[in-house]
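Peer 1: Following this message is one structure expressed as structure tokens.
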Amino acid sequence: MISVVVLISGSGSNLLALLQKSENPIYPAKIVAVGSDCDAAGLEHAELYEVDTFVVNPAQFSSKEDWATTLLANVQHHQPDLVVLAGFMRILPANFVTALKGKLINIHPSLLPEFKGAHAVRDALAAGVTKTGVTIHYVDEGIDTGDIIVQSEVLIEPGDSERTLHERIKKVEHELLAATIEQLAHQQSPVAKL
Ligand code: GAR
């Protein structure tokens, strides 16, 4: 069993899907805390599941590095084996990323390296491509540049809006994120290391 801290900024549908999966006693990951950079709506899911929450708002710090140091302290307080960015919409500075190297992953709504950044779904539609998808990757100091763990395609349908396409992408994200964490948990478990 691995312990996981999830960081969010928005509605937290990926978080909710993970909380639901981890209700199953044979699911090998437990969410020990949920953090945010703002008063995110998704924090309610954590409260419903009686998971600890914390908010570290960058507006209350004089530098990005100071903000990240406090965010990191909150994360490390829970001694996670894995930290998951699930719709966390801030760029994390090097001091945070370096401290968690190898155990910090991000879910992104495109087939990276296509459509990096905060508007990946809108950008894919604007580019007129016929397919996009989901990427789960390790986080490094760049923006959406870390080593890719897994990708899954989503076809763009005629008449798709940003909302309809993102809804279909999120359905894929919910399954892929849970399955990927499960796989990483098996790799990290003592039995797997024998
Ligand atoms: C997800 O689609 C996630 O891939 C995306 O934010 C959404 C969060 O949804 N992340 C990024 O765009 C990161 N660049 P949720 O709050 O409903 O889980």
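Ordering of the structure tokens sets the chain letters (A, B, ...); residue numbers start at 1 within each chain; ligands are numbered from 1 in the order shown.
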Tell me, counting only C-alpha atoms and all ligand atoms, for each residue of chain A within 6 Å of ligand 1, which pair of atoms is nearest and how far apart they are in Å to one decimal, in rows ordered by chain and increasing number, as a tab-separated table.

Peer 2:
residue	atom	partner	partner_atom_place_in_ligand_line	distance
A:Gly10	CA	ligand 1	16 (O)	4.3
A:Ser11	CA	ligand 1	16 (O)	4.0
A:Gly12	CA	ligand 1	16 (O)	3.5
A:Ser13	CA	ligand 1	17 (O)	3.6
A:Asn14	CA	ligand 1	18 (O)	3.7
A:Leu15	CA	ligand 1	18 (O)	5.9
A:Ala86	CA	ligand 1	18 (O)	5.4
A:Gly87	CA	ligand 1	8 (C)	3.6
A:Met89	CA	ligand 1	13 (C)	5.7
A:Ile107	CA	ligand 1	4 (O)	4.8
A:His108	CA	ligand 1	4 (O)	3.8
A:Pro109	CA	ligand 1	4 (O)	4.2
A:Gly117	CA	ligand 1	14 (N)	5.2
A:Ala118	CA	ligand 1	14 (N)	4.7
A:Lys170	CA	ligand 1	2 (O)	5.4

Peer 1: Using DSSP on the backbone coordinates, identify the residues of range 98-143 of chain A assigned to strand (DSSP E or B); present them as a count of residues only.

Peer 2: 13

Peer 1: Could you tell me, as a ChimeraX atom specification, which residues of chain A DSSP assigns to helix (DSSP H, G or I) when given the backbone?

Peer 2: /A:13-21,43-48,58-60,64-77,94-99,120-127,162-188,190-193

Peer 1: If we count only C-alpha atoms, what is near Glu162 in chain A at a cut-off of 8 Å, once residues fewer than 2 positions away on the same chain are taken out, given as a short mmCIF file (atom, residue, chain, number, x, y, z; two decimals) with C-alpha atoms, in the first residue's frame?

Peer 2:
data_model
loop_
_atom_site.label_atom_id
_atom_site.label_comp_id
_atom_site.auth_asym_id
_atom_site.auth_seq_id
_atom_site.Cartn_x
_atom_site.Cartn_y
_atom_site.Cartn_z
CA VAL A 121 -8.20 21.05 -24.91
CA ARG A 122 -8.97 24.45 -26.46
CA LEU A 125 -9.67 22.07 -31.09
CA ASP A 160 -17.19 18.93 -30.30
CA THR A 164 -17.87 18.12 -24.62
CA LEU A 165 -14.33 17.16 -25.58
CA HIS A 166 -12.95 17.84 -22.10
#

Peer 1: Taking into account only C-alpha atoms, which residue in the set A:Gln60, A:Ser3, A:Ser36, A:Thr145 is nearest to Leu72 in chain A?

Peer 2: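 The answer is A:Ser36, which sits nearest to Leu72 in chain A.
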
Peer 1: Wanna dump the range 46-73 of chain A-range 91-95 of chain A contacts at 12 Å for me, each residue with its shortest atom pair and the distance in Å to one decimal, counting only C-alpha atoms, ordered by chain and number, as a tab-separated table?

Peer 2:
residue	atom	partner	partner_atom	distance
A:Pro58	CA	A:Leu92	CA	11.0
A:Ser63	CA	A:Pro93	CA	10.4
A:Lys64	CA	A:Pro93	CA	7.0
A:Glu65	CA	A:Pro93	CA	6.4
A:Asp66	CA	A:Asn95	CA	9.5
A:Trp67	CA	A:Pro93	CA	9.4
A:Ala68	CA	A:Pro93	CA	6.8
A:Thr69	CA	A:Asn95	CA	7.3
A:Thr70	CA	A:Asn95	CA	10.9
A:Leu71	CA	A:Leu92	CA	9.8
A:Leu72	CA	A:Asn95	CA	8.8
A:Ala73	CA	A:Asn95	CA	11.5

Peer 1: Could you save the residues just selected, with all heavy atoms, as a CSV table (one decimal), in the first residue's frame?

Peer 2:
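The result, written out as part-v6.csv:
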chain,number,residue,atom,x,y,z
A,58,PRO,N,-0.4,31.2,-3.2
A,58,PRO,CA,0.8,32.0,-3.5
A,58,PRO,C,0.6,33.5,-3.2
A,58,PRO,O,1.7,34.2,-3.0
A,58,PRO,CB,1.0,31.7,-5.0
A,58,PRO,CG,-0.2,31.0,-5.5
A,58,PRO,CD,-1.0,30.5,-4.3
A,63,SER,N,7.5,35.4,-2.7
A,63,SER,CA,8.2,34.8,-3.9
A,63,SER,C,7.6,33.4,-4.1
A,63,SER,O,7.0,32.8,-3.2
A,63,SER,CB,9.7,34.7,-3.7
A,63,SER,OG,10.0,33.6,-2.8
A,64,LYS,N,7.7,33.0,-5.4
A,64,LYS,CA,7.2,31.7,-5.8
A,64,LYS,C,8.0,30.6,-5.0
A,64,LYS,O,7.4,29.6,-4.6
A,64,LYS,CB,7.5,31.5,-7.3
A,64,LYS,CG,6.2,31.4,-8.1
A,64,LYS,CD,6.4,30.9,-9.5
A,64,LYS,CE,5.2,30.0,-9.7
A,64,LYS,NZ,5.2,29.3,-11.0
A,65,GLU,N,9.3,30.8,-4.8
A,65,GLU,CA,10.1,29.8,-4.1
A,65,GLU,C,9.6,29.7,-2.6
A,65,GLU,O,9.5,28.5,-2.1
A,65,GLU,CB,11.6,30.2,-4.1
A,65,GLU,CG,12.3,29.9,-5.4
A,65,GLU,CD,11.8,30.8,-6.6
A,65,GLU,OE1,11.3,31.9,-6.3
A,65,GLU,OE2,11.8,30.3,-7.7
A,66,ASP,N,9.3,30.8,-2.0
A,66,ASP,CA,8.8,30.7,-0.6
A,66,ASP,C,7.4,30.0,-0.5
A,66,ASP,O,7.2,29.2,0.4
A,66,ASP,CB,8.6,32.1,0.0
A,66,ASP,CG,9.9,32.8,0.3
A,66,ASP,OD1,11.0,32.1,0.3
A,66,ASP,OD2,9.9,34.0,0.7
A,67,TRP,N,6.6,30.3,-1.5
A,67,TRP,CA,5.3,29.6,-1.6
A,67,TRP,C,5.5,28.1,-1.7
A,67,TRP,O,5.0,27.3,-1.0
A,67,TRP,CB,4.5,30.1,-2.8
A,67,TRP,CG,3.4,29.2,-3.2
A,67,TRP,CD1,2.2,29.0,-2.5
A,67,TRP,CD2,3.3,28.4,-4.4
A,67,TRP,NE1,1.4,28.1,-3.2
A,67,TRP,CE2,2.1,27.8,-4.4
A,67,TRP,CE3,4.1,28.2,-5.5
A,67,TRP,CZ2,1.6,26.9,-5.4
A,67,TRP,CZ3,3.7,27.4,-6.5
A,67,TRP,CH2,2.5,26.7,-6.4
A,68,ALA,N,6.5,27.7,-2.7
A,68,ALA,CA,6.7,26.3,-2.9
A,68,ALA,C,7.3,25.6,-1.7
A,68,ALA,O,7.1,24.4,-1.5
A,68,ALA,CB,7.6,26.2,-4.2
A,69,THR,N,8.1,26.3,-1.0
A,69,THR,CA,8.8,25.7,0.2
A,69,THR,C,7.7,25.4,1.3
A,69,THR,O,7.7,24.3,1.9
A,69,THR,CB,9.8,26.7,0.9
A,69,THR,OG1,10.8,27.0,-0.1
A,69,THR,CG2,10.4,26.2,2.1
A,70,THR,N,6.7,26.2,1.4
A,70,THR,CA,5.6,26.0,2.4
A,70,THR,C,4.7,24.8,1.8
A,70,THR,O,4.3,24.0,2.6
A,70,THR,CB,4.8,27.2,2.7
A,70,THR,OG1,5.7,28.2,3.2
A,70,THR,CG2,3.7,27.0,3.7
A,71,LEU,N,4.4,24.9,0.5
A,71,LEU,CA,3.6,23.8,-0.1
A,71,LEU,C,4.3,22.5,0.1
A,71,LEU,O,3.7,21.5,0.5
A,71,LEU,CB,3.4,24.1,-1.6
A,71,LEU,CG,2.5,23.2,-2.3
A,71,LEU,CD1,1.1,23.3,-1.9
A,71,LEU,CD2,2.6,23.4,-3.8
A,72,LEU,N,5.6,22.5,-0.1
A,72,LEU,CA,6.4,21.2,0.0
A,72,LEU,C,6.4,20.7,1.5
A,72,LEU,O,6.2,19.5,1.7
A,72,LEU,CB,7.8,21.5,-0.4
A,72,LEU,CG,8.8,20.3,-0.4
A,72,LEU,CD1,8.4,19.2,-1.3
A,72,LEU,CD2,10.2,20.8,-0.7
A,73,ALA,N,6.5,21.6,2.4
A,73,ALA,CA,6.4,21.2,3.8
A,73,ALA,C,5.1,20.6,4.2
A,73,ALA,O,5.0,19.6,4.9
A,73,ALA,CB,6.7,22.4,4.7

Peer 1: Can you list, as a list in words, every protein, DNA or RNA residue that comes within 10 Å of Leu16 in chain A when you count only C-alpha atoms, leaving out same-chain residues fewer than 4 positions away?

Peer 2: Ser11, Gly12, Gln20, Lys21, Ser22, Gly42, Leu43, Glu44, His45, Ala46, Leu48, Tyr49 and His174 of chain A

Peer 1: I'd like to know which of A:Ile181, A:Val134, A:Val83, A:Leu7 is closest to Asp37 in chain A, using only C-alpha atoms.

Peer 2: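 Distance minimum relative to Asp37 in chain A lands on A:Leu7.
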
Peer 1: Nearest to Phe54 in chain A among A:Ile26, A:Ile8, A:Leu85, A:Val97, with distances taken over only C-alpha atoms: which residue is it?

Peer 2: A:Ile8

Peer 1: Restricting the calculation to only C-alpha atoms: of A:Leu82, A:Ala33, A:Ile105, A:Leu112, which residue gets closest to Ile2 in chain A?

Peer 2: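 Once distances to Ile2 in chain A are computed over only C-alpha atoms, the minimum belongs to A:Leu82.
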
Peer 1: Could you work out how far CA of Gln79 in chain A lies from CA of Val55 in chain A, giving the answer in Å with one decimal?

Peer 2: 17.1 Å

Peer 1: For Thr53 in chain A, which residue among A:Ala99, A:Val5, A:Ile156, A:Ala120 is the nearest when counting only C-alpha atoms?

Peer 2: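 Between A:Ala99, A:Val5, A:Ile156, A:Ala120, the residue approaching Thr53 in chain A most closely is A:Val5.
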
Peer 1: When distances are computed from only C-alpha atoms, which of A:Lys103, A:Arg168, A:Arg163, A:Arg90 shows the smallest separation from His137 in chain A?

Peer 2: A:Lys103

Peer 1: Please compute the CA of Ala40 in chain A-CA of Phe88 in chain A distance, one decimal, in Å.

Peer 2: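 Calculated distance between CA of Ala40 in chain A and CA of Phe88 in chain A is 9.9 Å.
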
Peer 1: Mind checking which residues fall within 10 Å of Thr180 in chain A, counting only C-alpha atoms, ignoring those fewer than 5 positions away in the same chain, and posting them as a count of residues only?

Peer 2: 6

Peer 1: Could you tell me how far CA of Glu153 in chain A lies from CA of Leu176 in chain A, in Å and to one decimal?

Peer 2: 11.0 Å
